[in-house]
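Following: one structure in structure tokens, then a few remarks.
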Amino acid sequence: MEISTRYTPADHEASVYRSWEGSGGFQPRPPQHGERTFTVMIPPPNVTGVLHMGHALNNTIQDIVIRHRRMSGWCALWVPGTDHAGIATQAVVERKLFEEEKKTRNDLGREAFLERVWSWKEKHGNYILEQFRRMGFSCDWSRTRFTMEPGMSRAVREAFVRLWEKGLVYRGPRLVNWDCVLETAVGDDEIEYVQRKDKLYHIRYPIQGRAGEYVSVATTRPETMLGDTGVAVNPGDERYQGLIGRTLVLPILGREIPLIADETVDSEFGTGAVKVTPGHDPEDYERGARHRLPIVNLYEKDGRLNSNGGPYAGMTREKARAEIVKKLDELGLLAKVEPYEHSVAVSDRSKSVIEPLVSEQWFVKMKPLAEPAIRAVKSGALRFRPERWTKVYLDWLENVRDWCISRQLWWGHQIPVWYDEDGVPVAAREDLALGSPHPNTGKPIVRQDEDVLDTWASSWLWPFATLGWPDLTDDLQRFYPTQFLSTAREIIYLWVARMVMAGYEFLDHLPEESRCPFEVCYVNATVLDSQGKRMSKQAGNGIDPIEMIDKYGADAVRFSLILLTREGQDVKLSPDRFEQGWRFGNKVWNAARFVLLSLEGPRSDGTSASAARLEDRWILSRLAAAREDVSAALEEHRYNDAATSLYRFVWNDLCDWYLEIVKPRMLSQTDPTATAARGTLARVLSDALSMLHPFTPYMTEVLWKALNERISRAAPMLMNSRWPDGAGLVRNAAAEVEMQTIQDLVRAVRSVRLLTGIGERKPLTVQVAAPRAAERAVLEAHAQTVKSLAFLESWELRESVQRPPNSAVAVAGSLEAFVSLTEDIDLDKLRQSLAKRAEKVKAGIATCDARLGNPAFVERADPDIVEEERSRRAEMALELALLEKNVAGLSEGASSR
RNA sequence: GGGCGAUUAGCUCAGUUGGUUAGAGCGCUACGUUGACAUCGUAGAGGUCGUAGGUUCGAGUCCUAUAUCGCCCACCA
């Protein structure tokens, strides 16, 4: 296969993905005795979803984990799927229905409307999964699940009925967040708060039996006074001491309501008296319950006032407010109106102002479910990364409130509860036919509950329902529990905690220690824009991953994201930040290109033992180090560290040094060490591609194929190949030290060239002073390497050298390199550079001296540290001497000219 | 009000259990197309680590306070 000088992702990605899928490579291997399984369940995106950077990051991490495990010999399974997302999906279809046909869901009726939703889902529902494919994610698509499919429905019913049977499900009145446009209750998480400039109205409530005396209350929603059943003050508030327990007269309606004392009232705010509207305010609901105040419900489902609104019945909230304010004013009961800024709850979906109101809802008692979930982290069965999220999780569980699981929607799992003619409910696993006898009362069933379940009531079963639960399928036995969950912090409560509860509650065929649905919950970074604002659809500041893929390729998007994202640290992104990954890909591609072009001829096996020269031992040592670093980093969820290690190894070690050093060996027809060089190149490339594969799967797969062809190696696709085991690789400290000497000298000579303007490739004659025998031996042995890297025509290597007249000089550690000059060259910059370096070294020595001169340091510090300090000081002293000598020498030279 | 995170080079960020002369990428400056790569190479300039205290022989690293930015929870009559 021909390798062009640039990698063009668009030419490869689709076909590589097809070959992965075609080979069945995403599916776990057939079961075998003693296998180790590694399972990840994707956090199912909404069917209405469109790929954003948060998905891209979160799922890239999962793909890295899965690919790494797959290559490391685990039987790896990554289950994909989507969430039916009740409100979001219903809203999309409703909007479309209205735009295209000017119809509402009520015009169609439940059944016909649901058909529309399903057909929308069939048509558009897989869009985001297609986008996941473009990212290169290796999910087992044959196991794709959807939270509304029949299997999930069975699981949802089973779970509901079990809770019902244990008495954990109950129905009761509840103040819910009512969306008057969508006409449904919405969860607390489906609300946003908007700062609004509004008015605060002070209203006088006459005190019964004390003509002309009032208690004033302040409110932003005067129309809710119609539902007031009390007024509360703080029991410690002296202003009201004599009044507590008296009766007030509600203006307009004339209802008599008590003045009560309640600890939660803030005396500092307003008049210190607060109207209590248990039907339409969460806090008041609590207060009302404590004091047994009646609840008055004021609204119809669409937000208009009902008959409790008296003269205002039938009006909208806004109209009623205006009328009531006017009336109060006329009655002289409006004490004052002041401007007031506060936050108002608005529905995410409809943007209408949320009206808290009381309605009958189904609840799940959460306390008993929370207990095992708390034990899960305390026992270590579940670990959070970063660890600090454990506290967040526990705080929520320890203060958990009952879960309102009913939603007044059509799109969702209809609650499996039926009522007989007396309204006695019963939950059932199988549909109860109308007219059939109620299992408990024997009376005919007349209807099913119309509400559906909260979306999370299906997704909390995701880790096992996807594997076939409630049936004890082979998959469930084999792949549950999973090992890793990667998700976003905002759903730790909504989803993560509930999955843990569900695991302990429902998988009662397993011992408790095997029920936790995942071992590690990795909480992802939040993706921010370059201003540090959270990327969101509403803000319109998102970067489209697909656009980035089109521009840079999926590998570049993945690698950039991982490189930039430190564990637990939010990441700021701008489109140009994807260039780094793209550049790196180009580097890898071209390094591979060079290697492939150099492999003609016999090859060694590429082990450290077969290394012929220092640079071979060195690069294999670096490879061994990189392998250890990367493996450890992946193990510890430090994905960016793993990517950084690979980046450095490939770019700084392999490309900058090894490939450059080895070039002459490859070009020479006679160099007997070329065999070892080729073997080393092949080994290094092979291992590097393998380790890069989880990060940049497409490109590495392409290059893997090319490498195998080139070296006639029969190997499976890289995706199914083995993670490098390090066989035959040896860490070689001596080789690294020796190589360092060469690098230092070469860099020093290059620096001289640039500082003096000699020119980068002008052949030079150099005399090198190497007072240390070991370094001299190394340089002697690698004279060719030094000469070619530093572009030396000739050099002399001696123990010491008298500085030749008219020469420039480089200092590197204990080494000096004197460059004979053939023409007049300004050495000023060179001298300044040496002098500056001398200053720095001098400062370093001063630091050392301060430490070593301190008896406490020498006494108390670790002896190794002291020893290290001494030898460092000696090294610096030696270098400083050389620097100062040559600064002086150069000054003389300059003045003598 | 409670909790959490961040603050290190112009920008974006690393900096492991306190111990080298505090690093990287981008940007910037200078030079350079040698057969992997100009989507490149080489060299260089540039921070004393938000502020104030403290612990310690020694603090970017630990403690306290404080400032600024951001997030989460609760509350908002």
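Starting from 1 in every chain, residues are counted up; chains themselves are A, B, ... following the order of the structure tokens, and ligands are numbered from 1 as listed.
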
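If you take only C-alpha atoms (C1' of nucleotides) and a cut-off of 7 Å, the residues of chain B that reach chain A are G19, U21, C31, G32, A36, C37, U39, A43, C57 and A77 of chain B.
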
Those same residues, written as a PDB file, in the first residue's frame with C-alpha atoms (C1' of nucleotides)?
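Below you can see out.pdb, which holds the result:
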ATOM      1  C1'   G B  19      13.516  18.737  48.033  1.00  0.00           C
ATOM      2  C1'   U B  21      18.244  26.147  37.717  1.00  0.00           C
ATOM      3  C1'   C B  31      17.336  30.965  11.023  1.00  0.00           C
ATOM      4  C1'   G B  32      16.370  26.868   7.722  1.00  0.00           C
ATOM      5  C1'   A B  36       8.917  10.976   6.721  1.00  0.00           C
ATOM      6  C1'   C B  37       6.492  15.495   7.720  1.00  0.00           C
ATOM      7  C1'   U B  39       0.376  20.273   8.720  1.00  0.00           C
ATOM      8  C1'   A B  43      17.525  27.701  18.339  1.00  0.00           C
ATOM      9  C1'   C B  57      15.893  22.871  57.474  1.00  0.00           C
ATOM     10  C1'   A B  77     -43.004  35.903  50.564  1.00  0.00           C
TER      11        A B  77
END

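Selecting helix (DSSP H, G or I) from the backbone DSSP output for segment 197-285 of chain A yields A:Pro222, A:Glu223, A:Thr224, A:Met225, A:Leu226, A:Gly227, A:Glu238, A:Arg239, A:Tyr240, A:Pro282, A:Glu283, A:Asp284, A:Tyr285.
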
Using C-alpha atoms, can you export the residues from the last selection as a compact mmCIF listing (two decimals), in the first residue's frame?
# COMPACT_ATOMS: atom_id res chain seq x y z
CA PRO A 222 -50.93 38.77 44.13
CA GLU A 223 -53.42 36.54 42.29
CA THR A 224 -52.44 33.63 44.54
CA MET A 225 -54.02 35.43 47.49
CA LEU A 226 -57.25 33.83 46.37
CA GLY A 227 -55.77 30.56 47.56
CA GLU A 238 -42.15 40.86 68.68
CA ARG A 239 -44.29 42.90 66.34
CA TYR A 240 -46.84 40.11 66.16
CA PRO A 282 -43.72 24.67 47.81
CA GLU A 283 -42.72 26.35 51.06
CA ASP A 284 -46.32 27.19 51.88
CA TYR A 285 -47.30 23.65 51.16

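The residue set within 8 Å of Arg70 of chain A, counting only C-alpha atoms (C1' of nucleotides) and dropping same-chain residues fewer than 5 places from it, reads Cys75, Ala76, Met719 and Asn720 of chain A.
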
Output N, CA and C atoms for every residue in that selection, as a tab-separated table (two decimals), in the first residue's frame.
chain	number	residue	atom	x	y	z
A	75	CYS	N	-12.77	-9.83	27.56
A	75	CYS	CA	-13.91	-9.97	26.67
A	75	CYS	C	-14.75	-8.70	26.87
A	76	ALA	N	-14.61	-7.78	25.92
A	76	ALA	CA	-15.13	-6.43	26.12
A	76	ALA	C	-16.46	-6.22	25.41
A	719	MET	N	-7.57	-3.51	15.93
A	719	MET	CA	-8.59	-3.48	16.96
A	719	MET	C	-8.61	-4.78	17.76
A	720	ASN	N	-8.33	-5.89	17.08
A	720	ASN	CA	-8.37	-7.18	17.75
A	720	ASN	C	-6.99	-7.72	18.09

Identify, on the basis of only C-alpha atoms (C1' of nucleotides), every residue whose closest approach to segment 604-612 of chain A does not exceed 6 Å; exclude the query and any residue fewer than 5 positions from it along the same chain; express the result as a ChimeraX atom specification.
/A:617,673,675-676,679-680,683,728-730

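Using only C-alpha atoms (C1' of nucleotides), the protein and nucleic acid residues lying no more than 9 Å from Pro44 of chain A, apart from those fewer than 4 places from it along its own chain, are Pro80, Gly81, Thr82, Asp83, Arg145, Phe146, Thr147, Ser459 and Trp462 of chain A.
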
Dump as a short mmCIF file (atom, residue, chain, number, x, y, z; two decimals), in the first residue's frame, selection limited to all heavy atoms:
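Saved as result-v1.cif:
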data_model
loop_
_atom_site.label_atom_id
_atom_site.label_comp_id
_atom_site.auth_asym_id
_atom_site.auth_seq_id
_atom_site.Cartn_x
_atom_site.Cartn_y
_atom_site.Cartn_z
N PRO A 80 -24.65 0.04 23.27
CA PRO A 80 -25.18 1.36 22.92
C PRO A 80 -26.70 1.40 23.02
O PRO A 80 -27.34 0.37 23.22
CB PRO A 80 -24.76 1.50 21.46
CG PRO A 80 -24.86 0.09 20.92
CD PRO A 80 -24.56 -0.84 22.08
N GLY A 81 -27.24 2.58 22.87
CA GLY A 81 -28.69 2.71 22.86
C GLY A 81 -29.11 4.15 23.04
O GLY A 81 -28.28 5.04 23.16
N THR A 82 -30.41 4.33 23.03
CA THR A 82 -30.95 5.69 23.18
C THR A 82 -32.07 5.70 24.20
O THR A 82 -32.65 4.68 24.53
CB THR A 82 -31.51 6.23 21.84
OG1 THR A 82 -32.34 5.23 21.26
CG2 THR A 82 -30.40 6.61 20.88
N ASP A 83 -32.35 6.88 24.68
CA ASP A 83 -33.37 7.10 25.69
C ASP A 83 -34.57 7.76 25.04
O ASP A 83 -34.41 8.68 24.24
CB ASP A 83 -32.79 8.00 26.79
CG ASP A 83 -33.69 8.08 28.00
OD1 ASP A 83 -34.80 8.65 27.89
OD2 ASP A 83 -33.28 7.58 29.06
N ARG A 145 -29.98 -0.83 22.22
CA ARG A 145 -31.25 -0.85 22.93
C ARG A 145 -31.91 0.53 22.93
O ARG A 145 -31.26 1.54 22.68
CB ARG A 145 -31.04 -1.30 24.40
CG ARG A 145 -30.30 -2.61 24.53
CD ARG A 145 -30.94 -3.75 23.76
NE ARG A 145 -32.28 -4.09 24.23
CZ ARG A 145 -32.54 -5.05 25.09
NH1 ARG A 145 -31.57 -5.76 25.61
NH2 ARG A 145 -33.79 -5.30 25.47
N PHE A 146 -33.21 0.52 23.24
CA PHE A 146 -33.98 1.75 23.28
C PHE A 146 -34.89 1.65 24.50
O PHE A 146 -35.50 0.60 24.73
CB PHE A 146 -34.79 1.88 21.98
CG PHE A 146 -35.71 3.07 21.94
CD1 PHE A 146 -35.23 4.35 22.21
CD2 PHE A 146 -37.05 2.92 21.62
CE1 PHE A 146 -36.07 5.45 22.17
CE2 PHE A 146 -37.90 4.02 21.56
CZ PHE A 146 -37.41 5.29 21.84
N THR A 147 -34.98 2.72 25.25
CA THR A 147 -35.69 2.59 26.54
C THR A 147 -37.20 2.39 26.41
O THR A 147 -37.87 2.16 27.41
CB THR A 147 -35.43 3.80 27.46
OG1 THR A 147 -35.83 4.98 26.77
CG2 THR A 147 -33.97 3.91 27.84
N SER A 459 -34.60 4.43 32.61
CA SER A 459 -33.15 4.43 32.49
C SER A 459 -32.44 3.98 33.77
O SER A 459 -31.27 3.62 33.70
CB SER A 459 -32.62 5.77 32.00
OG SER A 459 -33.31 6.84 32.55
N TRP A 462 -31.20 0.57 33.19
CA TRP A 462 -30.36 0.40 32.00
C TRP A 462 -29.25 -0.64 32.15
O TRP A 462 -29.08 -1.47 31.24
CB TRP A 462 -29.78 1.78 31.64
CG TRP A 462 -29.07 1.90 30.35
CD1 TRP A 462 -27.73 2.11 30.19
CD2 TRP A 462 -29.63 1.84 29.02
NE1 TRP A 462 -27.42 2.20 28.85
CE2 TRP A 462 -28.58 2.04 28.11
CE3 TRP A 462 -30.92 1.64 28.53
CZ2 TRP A 462 -28.75 2.04 26.74
CZ3 TRP A 462 -31.11 1.64 27.15
CH2 TRP A 462 -30.03 1.84 26.27
#

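The protein and nucleic acid residues lying at most 9 Å from Leu114 of chain A are Gln90, Trp410 and Trp411 of chain A, with only C-alpha atoms (C1' of nucleotides) considered and sequence neighbours fewer than 6 positions away removed.
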
For the structure I just gave you, how does DSSP split segment 166-206 of chain A - specifically, which residues are strand (DSSP E)? Reply as a PyMOL selection string.
chain A and resi 169-179+184-186+191-206

9 Å contact set for segment 467-483 of chain A, only C-alpha atoms (C1' of nucleotides), chain neighbours under 3 positions out, as a PDB file with N, CA and C atoms, in the first residue's frame:
ATOM      1  N   PRO A  31     -18.289 -16.979  24.569  1.00  0.00           N
ATOM      2  CA  PRO A  31     -17.885 -17.239  25.956  1.00  0.00           C
ATOM      3  C   PRO A  31     -16.828 -18.340  26.016  1.00  0.00           C
ATOM      4  N   THR A  37     -14.650 -10.571  31.685  1.00  0.00           N
ATOM      5  CA  THR A  37     -15.467  -9.668  30.873  1.00  0.00           C
ATOM      6  C   THR A  37     -15.283  -8.237  31.351  1.00  0.00           C
ATOM      7  N   PHE A  38     -15.427  -7.341  30.430  1.00  0.00           N
ATOM      8  CA  PHE A  38     -15.389  -5.918  30.764  1.00  0.00           C
ATOM      9  C   PHE A  38     -16.544  -5.257  30.033  1.00  0.00           C
ATOM     10  N   THR A  39     -17.493  -4.756  30.814  1.00  0.00           N
ATOM     11  CA  THR A  39     -18.712  -4.228  30.209  1.00  0.00           C
ATOM     12  C   THR A  39     -18.874  -2.744  30.498  1.00  0.00           C
ATOM     13  N   VAL A  40     -19.282  -2.038  29.488  1.00  0.00           N
ATOM     14  CA  VAL A  40     -19.633  -0.624  29.652  1.00  0.00           C
ATOM     15  C   VAL A  40     -20.995  -0.408  29.005  1.00  0.00           C
ATOM     16  N   MET A  41     -21.886   0.241  29.741  1.00  0.00           N
ATOM     17  CA  MET A  41     -23.177   0.626  29.173  1.00  0.00           C
ATOM     18  C   MET A  41     -23.099   2.105  28.820  1.00  0.00           C
ATOM     19  N   LEU A  77     -17.379  -5.622  26.121  1.00  0.00           N
ATOM     20  CA  LEU A  77     -18.696  -5.330  25.545  1.00  0.00           C
ATOM     21  C   LEU A  77     -19.089  -3.898  25.880  1.00  0.00           C
ATOM     22  N   VAL A  79     -22.349  -1.589  25.267  1.00  0.00           N
ATOM     23  CA  VAL A  79     -23.729  -1.625  24.782  1.00  0.00           C
ATOM     24  C   VAL A  79     -24.234  -0.202  24.495  1.00  0.00           C
ATOM     25  N   ARG A 143     -26.400  -5.114  19.729  1.00  0.00           N
ATOM     26  CA  ARG A 143     -27.111  -5.095  21.009  1.00  0.00           C
ATOM     27  C   ARG A 143     -27.732  -3.728  21.304  1.00  0.00           C
ATOM     28  N   GLY A 151     -38.767  -5.033  25.309  1.00  0.00           N
ATOM     29  CA  GLY A 151     -37.987  -5.637  26.378  1.00  0.00           C
ATOM     30  C   GLY A 151     -37.819  -4.706  27.558  1.00  0.00           C
ATOM     31  N   MET A 152     -37.573  -3.434  27.251  1.00  0.00           N
ATOM     32  CA  MET A 152     -37.435  -2.459  28.327  1.00  0.00           C
ATOM     33  C   MET A 152     -38.772  -2.279  29.051  1.00  0.00           C
ATOM     34  N   ARG A 154     -41.040  -4.450  29.552  1.00  0.00           N
ATOM     35  CA  ARG A 154     -41.215  -5.568  30.485  1.00  0.00           C
ATOM     36  C   ARG A 154     -40.433  -5.312  31.761  1.00  0.00           C
ATOM     37  N   ALA A 155     -39.199  -4.845  31.569  1.00  0.00           N
ATOM     38  CA  ALA A 155     -38.354  -4.589  32.732  1.00  0.00           C
ATOM     39  C   ALA A 155     -38.969  -3.494  33.608  1.00  0.00           C
ATOM     40  N   GLU A 158     -41.912  -4.892  35.458  1.00  0.00           N
ATOM     41  CA  GLU A 158     -41.477  -5.813  36.505  1.00  0.00           C
ATOM     42  C   GLU A 158     -40.995  -5.019  37.720  1.00  0.00           C
ATOM     43  N   ALA A 159     -40.195  -4.006  37.431  1.00  0.00           N
ATOM     44  CA  ALA A 159     -39.654  -3.199  38.517  1.00  0.00           C
ATOM     45  C   ALA A 159     -40.773  -2.497  39.270  1.00  0.00           C
ATOM     46  N   LEU A 461     -32.922   1.317  35.070  1.00  0.00           N
ATOM     47  CA  LEU A 461     -32.768  -0.129  34.914  1.00  0.00           C
ATOM     48  C   LEU A 461     -31.746  -0.481  33.827  1.00  0.00           C
ATOM     49  N   TRP A 462     -31.201   0.571  33.194  1.00  0.00           N
ATOM     50  CA  TRP A 462     -30.360   0.400  32.003  1.00  0.00           C
ATOM     51  C   TRP A 462     -29.253  -0.638  32.145  1.00  0.00           C
ATOM     52  N   PRO A 463     -28.488  -0.660  33.224  1.00  0.00           N
ATOM     53  CA  PRO A 463     -27.346  -1.579  33.274  1.00  0.00           C
ATOM     54  C   PRO A 463     -27.739  -3.051  33.175  1.00  0.00           C
ATOM     55  N   PHE A 464     -28.966  -3.390  33.538  1.00  0.00           N
ATOM     56  CA  PHE A 464     -29.320  -4.816  33.443  1.00  0.00           C
ATOM     57  C   PHE A 464     -30.478  -5.080  32.505  1.00  0.00           C
ATOM     58  N   GLY A 503     -29.948  -1.556  41.010  1.00  0.00           N
ATOM     59  CA  GLY A 503     -29.124  -2.763  41.005  1.00  0.00           C
ATOM     60  C   GLY A 503     -29.315  -3.562  42.284  1.00  0.00           C
ATOM     61  N   PHE A 506     -33.265  -4.789  42.578  1.00  0.00           N
ATOM     62  CA  PHE A 506     -33.912  -5.737  41.658  1.00  0.00           C
ATOM     63  C   PHE A 506     -33.102  -6.992  41.346  1.00  0.00           C
ATOM     64  N   LEU A 507     -31.768  -6.911  41.481  1.00  0.00           N
ATOM     65  CA  LEU A 507     -30.984  -8.092  41.118  1.00  0.00           C
ATOM     66  C   LEU A 507     -30.816  -9.004  42.314  1.00  0.00           C
ATOM     67  N   HIS A 509     -31.262 -11.993  42.664  1.00  0.00           N
ATOM     68  CA  HIS A 509     -30.729 -13.335  42.472  1.00  0.00           C
ATOM     69  C   HIS A 509     -29.225 -13.364  42.736  1.00  0.00           C
ATOM     70  N   SER A 514     -22.425  -8.431  44.599  1.00  0.00           N
ATOM     71  CA  SER A 514     -22.344  -8.477  43.137  1.00  0.00           C
ATOM     72  C   SER A 514     -23.435  -7.651  42.471  1.00  0.00           C
ATOM     73  N   ARG A 515     -24.159  -6.873  43.243  1.00  0.00           N
ATOM     74  CA  ARG A 515     -25.304  -6.192  42.639  1.00  0.00           C
ATOM     75  C   ARG A 515     -25.008  -4.795  42.121  1.00  0.00           C
ATOM     76  N   CYS A 516     -23.966  -4.176  42.656  1.00  0.00           N
ATOM     77  CA  CYS A 516     -23.687  -2.806  42.253  1.00  0.00           C
ATOM     78  C   CYS A 516     -23.458  -2.779  40.738  1.00  0.00           C
ATOM     79  N   PRO A 517     -24.165  -1.929  40.017  1.00  0.00           N
ATOM     80  CA  PRO A 517     -24.158  -2.023  38.550  1.00  0.00           C
ATOM     81  C   PRO A 517     -22.839  -1.645  37.883  1.00  0.00           C
ATOM     82  N   PHE A 518     -21.966  -0.963  38.591  1.00  0.00           N
ATOM     83  CA  PHE A 518     -20.645  -0.649  38.008  1.00  0.00           C
ATOM     84  C   PHE A 518     -19.658  -0.441  39.135  1.00  0.00           C
ATOM     85  N   GLU A 519     -18.398  -0.693  38.844  1.00  0.00           N
ATOM     86  CA  GLU A 519     -17.380  -0.578  39.881  1.00  0.00           C
ATOM     87  C   GLU A 519     -16.889   0.857  40.014  1.00  0.00           C
ATOM     88  N   VAL A 520     -16.768   1.504  38.853  1.00  0.00           N
ATOM     89  CA  VAL A 520     -16.197   2.845  38.844  1.00  0.00           C
ATOM     90  C   VAL A 520     -17.150   3.783  38.119  1.00  0.00           C
ATOM     91  N   CYS A 521     -17.438   4.892  38.755  1.00  0.00           N
ATOM     92  CA  CYS A 521     -18.194   5.928  38.069  1.00  0.00           C
ATOM     93  C   CYS A 521     -17.245   7.085  37.807  1.00  0.00           C
TER      94      CYS A 521
END

Identify which of the residues A:Glu286, A:Glu450, A:Glu192, A:Asp237 lies closest to Arg110 of chain A, counting only C-alpha atoms when measuring atom-to-atom distances.
A:Glu450
